[in-house]
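A short worksheet on the structure shown next.
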There are 2 protein chains.
Amino acid sequence: MEKRFRAHFINSLSGFKSANLIATENSQQQSNLAIFSSVIHLGASPALVGFITRPDSVARHTLNNIKETKQYTINQISHQFYPQAHQTSARYSADECEFLQTGLTKQYIENIAPPFVAESHLKYALTLEDIIPLPLNGTQLVIGRITDIICPHEAIQPDGYIDIEQLGAACISGLDSYHNTSRLSRLSYAKPTLPVQELTTTGVTVTGVNNDK
Amino acid sequence: MEKRFRAHFINSLSGFKSANLIATENSQQQSNLAIFSSVIHLGASPALVGFITRPDSVARHTLNNIKETKQYTINQISHQFYPQAHQTSARYSADECEFLQTGLTKQYIENIAPPFVAESHLKYALTLEDIIPLPLNGTQLVIGRITDIICPHEAIQPDGYIDIEQLGAACISGLDSYHNTSRLSRLSYAKPTLPVQELTTTGVTVTGVNNDK
């Protein structure tokens, strides 16, 4: 396969990906903003989130800044500003600020050095915990612990689930395709002896799955 | 935060997640099928895909089988069978087959020991390459190299992108919410001096992003 064809093709195989902007600052308070489709939940307690980075990629400034200051913010991308978010992947030089170049807005919170993205509806600050090299292809898994979360109260459901669809969160497929979502349903905690049930705001509804055969 | 509330809450923060079924077999040809929302693209060349697993989870049979036979298949979950896919997360005993319990269908391909999920529209076989422990929370990153891909030709676009939305692929948010998608657009490769453009099947359309300021 031709290199670019292969990149599009293989990138489509894992399924839909999260759409996030990672904001950092170096020790001279110069900020950087970069899009990542590899942000992944690692665990709830402690609250750990990871992302994959390539040393030679346009994301190298992100990694350098995180190593320097140990702090960063992750900001969910919503359909209202996904073209600006995508534009942060352009290869700007280290002294060009992606906030300025794309028109996205910095938002500062007390005691957190790097900015948040004001346009993002769900965002959080992290402290670097570990950088794990993946020798197979020279990438690295960067792991952070969540320290502060900015989330609209009305999106938090009684059981703790955050309705990110209501917040307009986008997702990504392949290298460059952006998508809105529409909920199929939430499903009950699966047990061997019970059929799957749809969770609704008023209760539960039995779906057509027969797991008794 | 109460433990279950916290799990729902923190699991929502990373954004939308891929929805995949991993099928394995042990050395006695007993098969296992388990849902994962942590499958992640790691690189195109070599073609590497990873997923996160917890040693004590219901997914322990998946990991044991992969260690035993070094082969597994990843099968994208589509909206047509997401309740059955969810039901594989029930804590069945090692001698119960999730294919049988959920009504999903095994599909065997020559020279690949573990089954595929017949209902899945996009699926591939992998060989185990590495298992990387994440000491922070006792999870592991399991990395496989893609060896064989089953994908409908009509979903592959001229540049290699696979239209997984057309294939009905679902995505997940939090622990139990399943979503369909609708495409916002594909965007052109971003360059510092060019505005973002929408890719269309007939060419490109300029969107409203101004990155010249």
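To be explicit about the labels: the chains of the structure tokens are called A, B, and onward in the order shown, and within each one the residues are counted from 1, while ligands get numbers from 1 in the order they are shown.
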For this session: Please return as an NGL selection string: the residues of range 18-192 of chain B that backbone DSSP assigns to strand (DSSP E or B).
Result: :B and (18 or 20-25 or 31-36 or 40-43 or 48-53 or 71-76 or 78 or 106-109 or 112-117 or 123-134 or 139-150 or 156 or 162 or 169 or 171-173 or 177-187)
Problem set entry | At most 7 Å to chain B: residues in chain A, only C-alpha atoms, as a PyMOL selection string | chain A and resi 5-12+14-19+38-41+44+47+76+83-84+87+89-92+101-102+159-162+171+174+176-187+190-192+196+209+211-213
Exercise. How many Å separate CA of Gln80 in chain A from CA of Ile22 in chain A?
Worked result: 17.3 Å
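For the atom pair formed by CA of Leu167 in chain B and CA of Ala155 in chain B, the distance is 7.1 Å, given to one decimal.
Distance-wise, CA of Asp148 in chain B and CA of Pro114 in chain B end up 12.3 Å apart.
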Exercise. If you count only C-alpha atoms, which residues fall within 6 Å of Leu126 in chain B, apart from same-chain ones fewer than 5 positions away, as JSON, numbers by chain?
Worked result: {"B": [71, 72, 73, 144, 145, 146, 147]}
Exercise. Contacts of range 64-70 of chain A at 12 Å or less, counting only C-alpha atoms, minus same-chain residues fewer than 3 places along, as a PyMOL selection string?
Worked result: chain A and resi 22-34+53-61+73+94+112-114+125-131+142-145
Selection file, N, CA, C and O atoms, as a compact mmCIF listing (two decimals), in the first residue's frame:
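Written output follows (again_15.txt):
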```txt
# COMPACT_ATOMS: atom_id res chain seq x y z
N ILE A 22 -5.29 19.31 23.46
CA ILE A 22 -4.42 19.35 24.63
C ILE A 22 -3.68 20.68 24.63
O ILE A 22 -3.04 21.05 23.64
N ALA A 23 -3.84 21.41 25.72
CA ALA A 23 -3.20 22.72 25.86
C ALA A 23 -2.07 22.63 26.88
O ALA A 23 -2.19 21.99 27.93
N THR A 24 -0.95 23.25 26.53
CA THR A 24 0.24 23.23 27.40
C THR A 24 0.89 24.62 27.39
O THR A 24 0.57 25.47 26.54
N GLU A 25 1.80 24.79 28.31
CA GLU A 25 2.63 26.00 28.32
C GLU A 25 4.06 25.58 28.62
O GLU A 25 4.29 24.64 29.39
N ASN A 26 5.04 26.27 28.04
CA ASN A 26 6.41 26.01 28.45
C ASN A 26 6.75 26.91 29.65
O ASN A 26 5.89 27.66 30.13
N SER A 27 7.99 26.82 30.13
CA SER A 27 8.32 27.56 31.35
C SER A 27 8.40 29.07 31.12
O SER A 27 8.46 29.84 32.07
N GLN A 28 8.34 29.49 29.84
CA GLN A 28 8.28 30.94 29.53
C GLN A 28 6.83 31.39 29.26
O GLN A 28 6.60 32.41 28.59
N GLN A 29 5.86 30.61 29.72
CA GLN A 29 4.43 30.92 29.56
C GLN A 29 4.00 31.01 28.09
O GLN A 29 2.99 31.66 27.78
N GLN A 30 4.75 30.39 27.20
CA GLN A 30 4.27 30.33 25.82
C GLN A 30 3.38 29.10 25.65
O GLN A 30 3.79 27.99 25.98
N SER A 31 2.17 29.31 25.15
CA SER A 31 1.21 28.21 25.14
C SER A 31 1.17 27.50 23.80
O SER A 31 1.52 28.05 22.76
N ASN A 32 0.73 26.26 23.84
CA ASN A 32 0.59 25.42 22.66
C ASN A 32 -0.74 24.69 22.73
O ASN A 32 -1.22 24.36 23.82
N LEU A 33 -1.35 24.46 21.56
CA LEU A 33 -2.64 23.77 21.51
C LEU A 33 -2.59 22.76 20.37
O LEU A 33 -2.23 23.12 19.24
N ALA A 34 -2.92 21.51 20.63
CA ALA A 34 -2.81 20.48 19.60
C ALA A 34 -3.96 19.49 19.71
O ALA A 34 -4.39 19.14 20.80
N THR A 53 1.69 9.71 21.62
CA THR A 53 2.37 10.77 20.88
C THR A 53 3.57 10.20 20.12
O THR A 53 4.18 9.22 20.56
N ARG A 54 3.84 10.78 18.96
CA ARG A 54 4.99 10.40 18.15
C ARG A 54 6.05 11.48 18.29
O ARG A 54 5.74 12.66 18.14
N PRO A 55 7.29 11.11 18.58
CA PRO A 55 8.34 12.10 18.85
C PRO A 55 8.54 13.09 17.71
O PRO A 55 8.82 14.26 17.94
N ASP A 56 8.37 12.64 16.46
CA ASP A 56 8.67 13.50 15.31
C ASP A 56 7.45 14.25 14.79
O ASP A 56 7.52 14.91 13.76
N SER A 57 6.32 14.13 15.45
CA SER A 57 5.08 14.69 14.92
C SER A 57 4.96 16.16 15.26
O SER A 57 5.76 16.72 16.00
N VAL A 58 3.90 16.80 14.74
CA VAL A 58 3.64 18.20 15.08
C VAL A 58 3.30 18.33 16.56
O VAL A 58 3.28 19.43 17.10
N ALA A 59 3.04 17.21 17.21
CA ALA A 59 2.69 17.25 18.62
C ALA A 59 3.91 17.29 19.53
O ALA A 59 3.79 17.24 20.74
N ARG A 60 5.11 17.39 18.94
CA ARG A 60 6.32 17.34 19.77
C ARG A 60 6.36 18.51 20.77
O ARG A 60 6.88 18.37 21.88
N HIS A 61 5.79 19.67 20.39
CA HIS A 61 5.77 20.80 21.33
C HIS A 61 4.93 20.47 22.56
O HIS A 61 5.27 20.86 23.68
N THR A 73 -3.89 20.56 30.01
CA THR A 73 -5.35 20.44 30.06
C THR A 73 -5.83 19.67 28.83
O THR A 73 -5.24 19.75 27.77
N ALA A 94 7.44 26.77 16.68
CA ALA A 94 7.30 26.75 18.14
C ALA A 94 6.87 28.11 18.70
O ALA A 94 6.24 28.18 19.75
N ILE A 112 -3.76 26.76 37.99
CA ILE A 112 -3.45 25.87 36.88
C ILE A 112 -2.73 26.69 35.82
O ILE A 112 -3.29 27.64 35.27
N ALA A 113 -1.48 26.33 35.56
CA ALA A 113 -0.65 27.14 34.67
C ALA A 113 -1.13 27.13 33.22
O ALA A 113 -1.33 28.19 32.63
N PRO A 114 -1.31 25.97 32.59
CA PRO A 114 -1.71 25.99 31.17
C PRO A 114 -3.16 26.44 31.01
O PRO A 114 -3.98 26.28 31.92
N ALA A 125 -7.84 19.49 33.99
CA ALA A 125 -6.40 19.66 34.12
C ALA A 125 -5.79 18.35 34.62
O ALA A 125 -6.43 17.61 35.38
N LEU A 126 -4.55 18.10 34.19
CA LEU A 126 -3.87 16.88 34.59
C LEU A 126 -2.44 17.18 35.03
O LEU A 126 -1.83 18.17 34.59
N THR A 127 -1.92 16.31 35.88
CA THR A 127 -0.51 16.31 36.25
C THR A 127 0.13 15.07 35.62
O THR A 127 -0.42 13.98 35.72
N LEU A 128 1.28 15.27 35.01
CA LEU A 128 1.98 14.15 34.39
C LEU A 128 2.33 13.09 35.44
O LEU A 128 2.89 13.41 36.49
N GLU A 129 2.01 11.84 35.14
CA GLU A 129 2.35 10.74 36.06
C GLU A 129 3.43 9.83 35.48
O GLU A 129 4.27 9.33 36.21
N ASP A 130 3.37 9.59 34.17
CA ASP A 130 4.31 8.64 33.59
C ASP A 130 4.35 8.81 32.06
O ASP A 130 3.37 9.24 31.46
N ILE A 131 5.49 8.50 31.47
CA ILE A 131 5.62 8.43 30.02
C ILE A 131 6.18 7.06 29.69
O ILE A 131 7.29 6.72 30.11
N VAL A 142 1.55 8.77 27.13
CA VAL A 142 1.69 9.79 28.17
C VAL A 142 0.50 9.65 29.12
O VAL A 142 -0.65 9.70 28.68
N ILE A 143 0.77 9.46 30.40
CA ILE A 143 -0.30 9.22 31.37
C ILE A 143 -0.37 10.37 32.37
O ILE A 143 0.64 10.74 32.98
N GLY A 144 -1.56 10.94 32.53
CA GLY A 144 -1.77 12.01 33.49
C GLY A 144 -2.87 11.68 34.48
O GLY A 144 -3.76 10.87 34.20
N ARG A 145 -2.77 12.30 35.66
CA ARG A 145 -3.81 12.16 36.69
C ARG A 145 -4.65 13.42 36.69
O ARG A 145 -4.12 14.54 36.71
```
